[in-house]
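Here's the structure we're looking at; comments come further down.
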Amino acid sequence: MTLGIEVERLEKHYGDHRAVDGVDLQVPVGTVLGLLGPNGAGKTTTVRMLATLIPPTGGRATVCGYDVATQPRQVRELIGLTGQYAAVDKDISGRDNLYLIARLLDLPKKRAWARVEELLERFDLVAAGGKLVREYSGGMRRRLDLAASLIGDPKVIYLDEPTTGLDPRSRNGLWDVVRDLVAEGSTVLLTTQYMEEAEALADSVVVMDNGVVIASGTPAELRARVGGQTLRVKPVHPRDLVAVVDALAGVRLAGHVDHEAGLVQLPISGSADLTDAVRAISESGLAVSAIDTSTPSLDEVFLTLTGKQRGAVELQR
Ligand SMILES: Nc1ncnc2c1ncn2[C@@H]1O[C@H](COP(=O)(O)OP(=O)(O)O)[C@@H](O)[C@H]1O
Ligand SMILES: [Mg+2]
């Protein structure tokens with residue numbers, strides 16, 4: 001497995017403040033890592049260190065084998081960065097912005113224009129290319145910003161909260177672009193506050209809070225970590241609620257009654273539990289109007305992991 005990004009015990013301390021405090025990350029080439037965390041978690045600080053914009057105060061990070069601290073020039077040649085806030089000039093056109101960057105990257109004039117037109121096309125900005133950027137919508141700005149970061153044809157792309165504040169349609173458009181980039185072999189580090197975005201794009205997810213990693217794995221693994229599913233059984237007659245609990249107890253499953261909702265709920269950890277529960281209910285002969293299971297939503301997983309708010313999953317138990 002070749003690593004596009006490797007981070008070991010990376011630190012950024014500002015005086016006593018530990019913005020990033022010993023983070024480990026591994027991003028194989030051609031994959032997307034979702035770096036997930038609430039505001040202030042340390043995501044941008046991590047990205048800025050990986051982009052050689054600020055020096056780490058401890059630990060080590062490499063991009064395609066090049067050390068960000070000792071080989072910044074090589075690292076810069078490999079990376080593209082799209083920041084949380086657009087880095088383009090609002091007072092010139094989108095086309096001119098891209099051309100300027102292409103020239104800054106030393107592309108000869110003809111190649112520069114060709115690259116600009118190619119990117120405008122790819123990001124659906126051909127028609128808007130001649131307009132001043134200040135007239136762009138939020139989604140157009142983000143697309144232009146991403147296009148700008150791709151001019152140098154980077155192998156490794158950092159996207160820092162690329163869809164925060166975008167409407168769902170623009171967000172989906174940006175997701176498609178990211179998927180295309182990955183299909184072409186790019187390695188992507190994406191920061192986000194949205195578990196849903198991580199699940200849509202990321203091969204693996206690292207959850208940060210207060211400068212440290214608090215969980216990592218695939219989105220599915222994170223869901224499983226927070227808790228399995230909840231089974232709900234609703235008897236036709238509320239008077240049967242206790243009988244449902246008794247029937248479940250017969251197969252060693254502990255249900256509790258939710259009188260208000262008129263149902264019995266219980267945590268289940270796998271398909272064996274589910275089969276046992278359904279069989280027990282069926283053998284009891286009780287009339288049941290609904291049996292269903294629910295998986296915690298990704299936002300519930302996030303809230304539970306970061307503890308910013310007690311997750312609905314916990315509250316149900
Ligand atoms: N230049 C700085 N000086 C002091 N503290 C900083 C500086 N930059 C960031 N921080 C602090 O580091 C923490 C992490 O910030 P940041 O990386 O921007 O978080 P995120 O991107 O996850 O919202 C925050 O508490 C922030 O206030
Ligand atoms: Mg940030």
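Convention: chains lettered A, B, ... in structure tokens order; per-chain residue numbering from 1; ligands numbered from 1 as shown.
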**Within 10 Å of ligand 2 (only C-alpha atoms and all ligand atoms), residues as an NGL selection string** = :A and (37-48 or 83-85 or 160-161 or 191-193)
Could you save the residues just selected, with N, CA and C atoms, as an mmCIF file, in the first residue's frame?
```
data_model
loop_
_atom_site.group_PDB
_atom_site.id
_atom_site.type_symbol
_atom_site.label_atom_id
_atom_site.label_comp_id
_atom_site.auth_asym_id
_atom_site.auth_seq_id
_atom_site.Cartn_x
_atom_site.Cartn_y
_atom_site.Cartn_z
ATOM 1 N N GLY A 37 -14.915 16.713 12.156
ATOM 2 C CA GLY A 37 -14.864 17.257 13.506
ATOM 3 C C GLY A 37 -15.612 18.564 13.578
ATOM 4 N N PRO A 38 -16.048 18.932 14.790
ATOM 5 C CA PRO A 38 -16.781 20.191 14.951
ATOM 6 C C PRO A 38 -15.835 21.380 14.808
ATOM 7 N N ASN A 39 -16.397 22.574 14.831
ATOM 8 C CA ASN A 39 -15.596 23.800 14.766
ATOM 9 C C ASN A 39 -14.534 23.812 15.856
ATOM 10 N N GLY A 40 -13.319 24.161 15.484
ATOM 11 C CA GLY A 40 -12.260 24.259 16.486
ATOM 12 C C GLY A 40 -11.569 22.943 16.794
ATOM 13 N N ALA A 41 -11.934 21.885 16.079
ATOM 14 C CA ALA A 41 -11.359 20.557 16.357
ATOM 15 C C ALA A 41 -9.874 20.491 16.018
ATOM 16 N N GLY A 42 -9.448 21.319 15.062
ATOM 17 C CA GLY A 42 -8.045 21.266 14.636
ATOM 18 C C GLY A 42 -7.878 20.817 13.197
ATOM 19 N N LYS A 43 -8.973 20.771 12.441
ATOM 20 C CA LYS A 43 -8.930 20.286 11.057
ATOM 21 C C LYS A 43 -8.095 21.213 10.164
ATOM 22 N N THR A 44 -8.429 22.498 10.186
ATOM 23 C CA THR A 44 -7.721 23.436 9.317
ATOM 24 C C THR A 44 -6.245 23.513 9.695
ATOM 25 N N THR A 45 -5.962 23.505 10.975
ATOM 26 C CA THR A 45 -4.566 23.549 11.428
ATOM 27 C C THR A 45 -3.802 22.339 10.880
ATOM 28 N N THR A 46 -4.423 21.187 10.904
ATOM 29 C CA THR A 46 -3.796 19.979 10.361
ATOM 30 C C THR A 46 -3.535 20.147 8.864
ATOM 31 N N VAL A 47 -4.556 20.603 8.148
ATOM 32 C CA VAL A 47 -4.410 20.780 6.698
ATOM 33 C C VAL A 47 -3.315 21.796 6.387
ATOM 34 N N ARG A 48 -3.271 22.881 7.152
ATOM 35 C CA ARG A 48 -2.257 23.912 6.884
ATOM 36 C C ARG A 48 -0.839 23.388 7.106
ATOM 37 N N GLY A 83 -9.238 26.027 0.237
ATOM 38 C CA GLY A 83 -9.468 26.427 1.619
ATOM 39 C C GLY A 83 -10.931 26.553 1.955
ATOM 40 N N GLN A 84 -11.174 26.787 3.217
ATOM 41 C CA GLN A 84 -12.539 26.946 3.700
ATOM 42 C C GLN A 84 -13.122 28.229 3.100
ATOM 43 N N TYR A 85 -12.258 29.202 2.892
ATOM 44 C CA TYR A 85 -12.715 30.448 2.293
ATOM 45 C C TYR A 85 -12.011 30.621 0.962
ATOM 46 N N ASP A 160 -10.706 21.740 2.340
ATOM 47 C CA ASP A 160 -11.061 22.115 3.705
ATOM 48 C C ASP A 160 -12.495 22.632 3.739
ATOM 49 N N GLU A 161 -13.375 21.812 4.263
ATOM 50 C CA GLU A 161 -14.808 22.121 4.323
ATOM 51 C C GLU A 161 -15.316 22.689 2.998
ATOM 52 N N THR A 191 -11.827 17.790 4.764
ATOM 53 C CA THR A 191 -12.336 18.035 6.113
ATOM 54 C C THR A 191 -13.806 18.414 6.004
ATOM 55 N N THR A 192 -14.548 18.046 6.995
ATOM 56 C CA THR A 192 -15.980 18.329 6.951
ATOM 57 C C THR A 192 -16.563 18.283 8.353
ATOM 58 N N GLN A 193 -17.664 18.986 8.511
ATOM 59 C CA GLN A 193 -18.401 18.869 9.770
ATOM 60 C C GLN A 193 -19.594 17.942 9.582
#
```
**Asked** Where in region 21-167 of chain A does DSSP assign strand (DSSP E or B), given as a PyMOL selection string?
**Response** chain A and resi 21-28+32-36+58-63+66-67+79-82+93+132+156-160
Restrict the selected residues to N, CA and C atoms and save them as a short mmCIF file (atom, residue, chain, number, x, y, z; two decimals), in the first residue's frame.
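Saved the output as part_36.cif:
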```cif
data_model
loop_
_atom_site.label_atom_id
_atom_site.label_comp_id
_atom_site.auth_asym_id
_atom_site.auth_seq_id
_atom_site.Cartn_x
_atom_site.Cartn_y
_atom_site.Cartn_z
N ASP A 21 -2.84 17.87 18.62
CA ASP A 21 -2.07 17.31 19.73
C ASP A 21 -1.80 15.82 19.58
N GLY A 22 -1.00 15.49 18.57
CA GLY A 22 -0.61 14.08 18.42
C GLY A 22 -1.51 13.31 17.49
N VAL A 23 -1.69 13.84 16.28
CA VAL A 23 -2.60 13.20 15.32
C VAL A 23 -1.85 12.23 14.40
N ASP A 24 -2.43 11.06 14.19
CA ASP A 24 -1.92 10.07 13.24
C ASP A 24 -2.93 9.91 12.11
N LEU A 25 -2.43 9.92 10.87
CA LEU A 25 -3.31 9.69 9.71
C LEU A 25 -2.55 8.89 8.67
N GLN A 26 -3.26 8.08 7.94
CA GLN A 26 -2.66 7.40 6.80
C GLN A 26 -3.67 7.43 5.66
N VAL A 27 -3.25 7.97 4.53
CA VAL A 27 -4.16 8.03 3.39
C VAL A 27 -3.51 7.34 2.19
N PRO A 28 -3.96 6.12 1.86
CA PRO A 28 -3.40 5.43 0.70
C PRO A 28 -3.66 6.21 -0.59
N VAL A 32 -9.89 8.56 -0.44
CA VAL A 32 -10.34 9.79 0.23
C VAL A 32 -10.39 9.55 1.74
N LEU A 33 -9.71 10.40 2.47
CA LEU A 33 -9.85 10.35 3.93
C LEU A 33 -10.74 11.52 4.35
N GLY A 34 -11.76 11.23 5.10
CA GLY A 34 -12.62 12.27 5.65
C GLY A 34 -12.13 12.62 7.05
N LEU A 35 -11.74 13.89 7.22
CA LEU A 35 -11.31 14.35 8.55
C LEU A 35 -12.49 15.12 9.12
N LEU A 36 -13.13 14.51 10.08
CA LEU A 36 -14.41 15.00 10.54
C LEU A 36 -14.26 15.59 11.93
N GLY A 58 5.56 19.58 16.47
CA GLY A 58 6.02 18.24 16.84
C GLY A 58 5.45 17.21 15.88
N GLY A 59 6.07 16.04 15.90
CA GLY A 59 5.59 14.96 15.04
C GLY A 59 6.12 15.10 13.63
N ARG A 60 5.51 14.31 12.71
CA ARG A 60 6.07 14.23 11.38
C ARG A 60 4.94 13.99 10.39
N ALA A 61 5.10 14.55 9.20
CA ALA A 61 4.10 14.32 8.15
C ALA A 61 4.80 14.25 6.81
N THR A 62 4.41 13.28 6.00
CA THR A 62 4.97 13.20 4.65
C THR A 62 3.84 13.14 3.63
N VAL A 63 4.15 13.68 2.45
CA VAL A 63 3.22 13.62 1.31
C VAL A 63 3.97 12.91 0.19
N TYR A 66 7.57 12.73 0.86
CA TYR A 66 8.33 13.96 1.13
C TYR A 66 7.88 14.58 2.44
N ASP A 67 8.85 14.98 3.24
CA ASP A 67 8.57 15.52 4.56
C ASP A 67 8.13 16.99 4.48
N ILE A 79 0.80 19.05 -4.23
CA ILE A 79 -0.50 19.27 -3.59
C ILE A 79 -1.32 20.39 -4.22
N GLY A 80 -2.64 20.28 -4.01
CA GLY A 80 -3.55 21.37 -4.34
C GLY A 80 -4.40 21.60 -3.10
N LEU A 81 -4.63 22.87 -2.77
CA LEU A 81 -5.40 23.16 -1.55
C LEU A 81 -6.58 24.05 -1.86
N THR A 82 -7.76 23.59 -1.45
CA THR A 82 -8.94 24.44 -1.53
C THR A 82 -9.34 24.77 -0.11
N SER A 93 -12.34 38.31 -13.45
CA SER A 93 -13.22 37.23 -13.87
C SER A 93 -12.66 35.87 -13.42
N LEU A 132 -17.19 38.77 -13.44
CA LEU A 132 -16.40 39.03 -12.23
C LEU A 132 -16.81 38.02 -11.16
N VAL A 156 -2.13 15.12 -4.82
CA VAL A 156 -2.79 15.07 -3.51
C VAL A 156 -3.58 16.37 -3.33
N ILE A 157 -4.86 16.21 -3.00
CA ILE A 157 -5.74 17.39 -2.94
C ILE A 157 -6.31 17.53 -1.53
N TYR A 158 -6.18 18.72 -0.97
CA TYR A 158 -6.78 19.00 0.34
C TYR A 158 -8.02 19.85 0.11
N LEU A 159 -9.11 19.40 0.64
CA LEU A 159 -10.36 20.16 0.54
C LEU A 159 -10.81 20.48 1.96
N ASP A 160 -10.71 21.74 2.34
CA ASP A 160 -11.06 22.11 3.71
C ASP A 160 -12.50 22.63 3.74
#
```
**Request:** Could you please write out, as number ranges by chain, every residue of region 72-276 of chain A that DSSP assigns to helix (DSSP H, G or I)?
**Result:** A: 72-78, 94-104, 109-122, 133-135, 138-150, 168-183, 195-201, 219-226, 238-249, 271-276
**Item:** Spatial neighbours of region 252-257 of chain A, max dist 9 Å, only C-alpha atoms, sep filter under 2 positions, as a list in words
**Value:**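 The contact residues come out as Leu231, Arg232, Leu241, Val242, Val244, Val245, Asp246, Ala247, Leu248, Ala249, Gly250, His259, Glu260, Ala261, Gly262, Leu263, Val264, Gln265, Leu266, Pro267, Ile268, Asp273, Asp276, Ala277 and Arg317 of chain A.
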**For Asp292 (chain A), the nearest of the candidates A:Arg279, A:Arg141, A:Arg18, A:Lys234, counting only C-alpha atoms** =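 Answer, going by the shortest atom-to-atom distance: A:Lys234.
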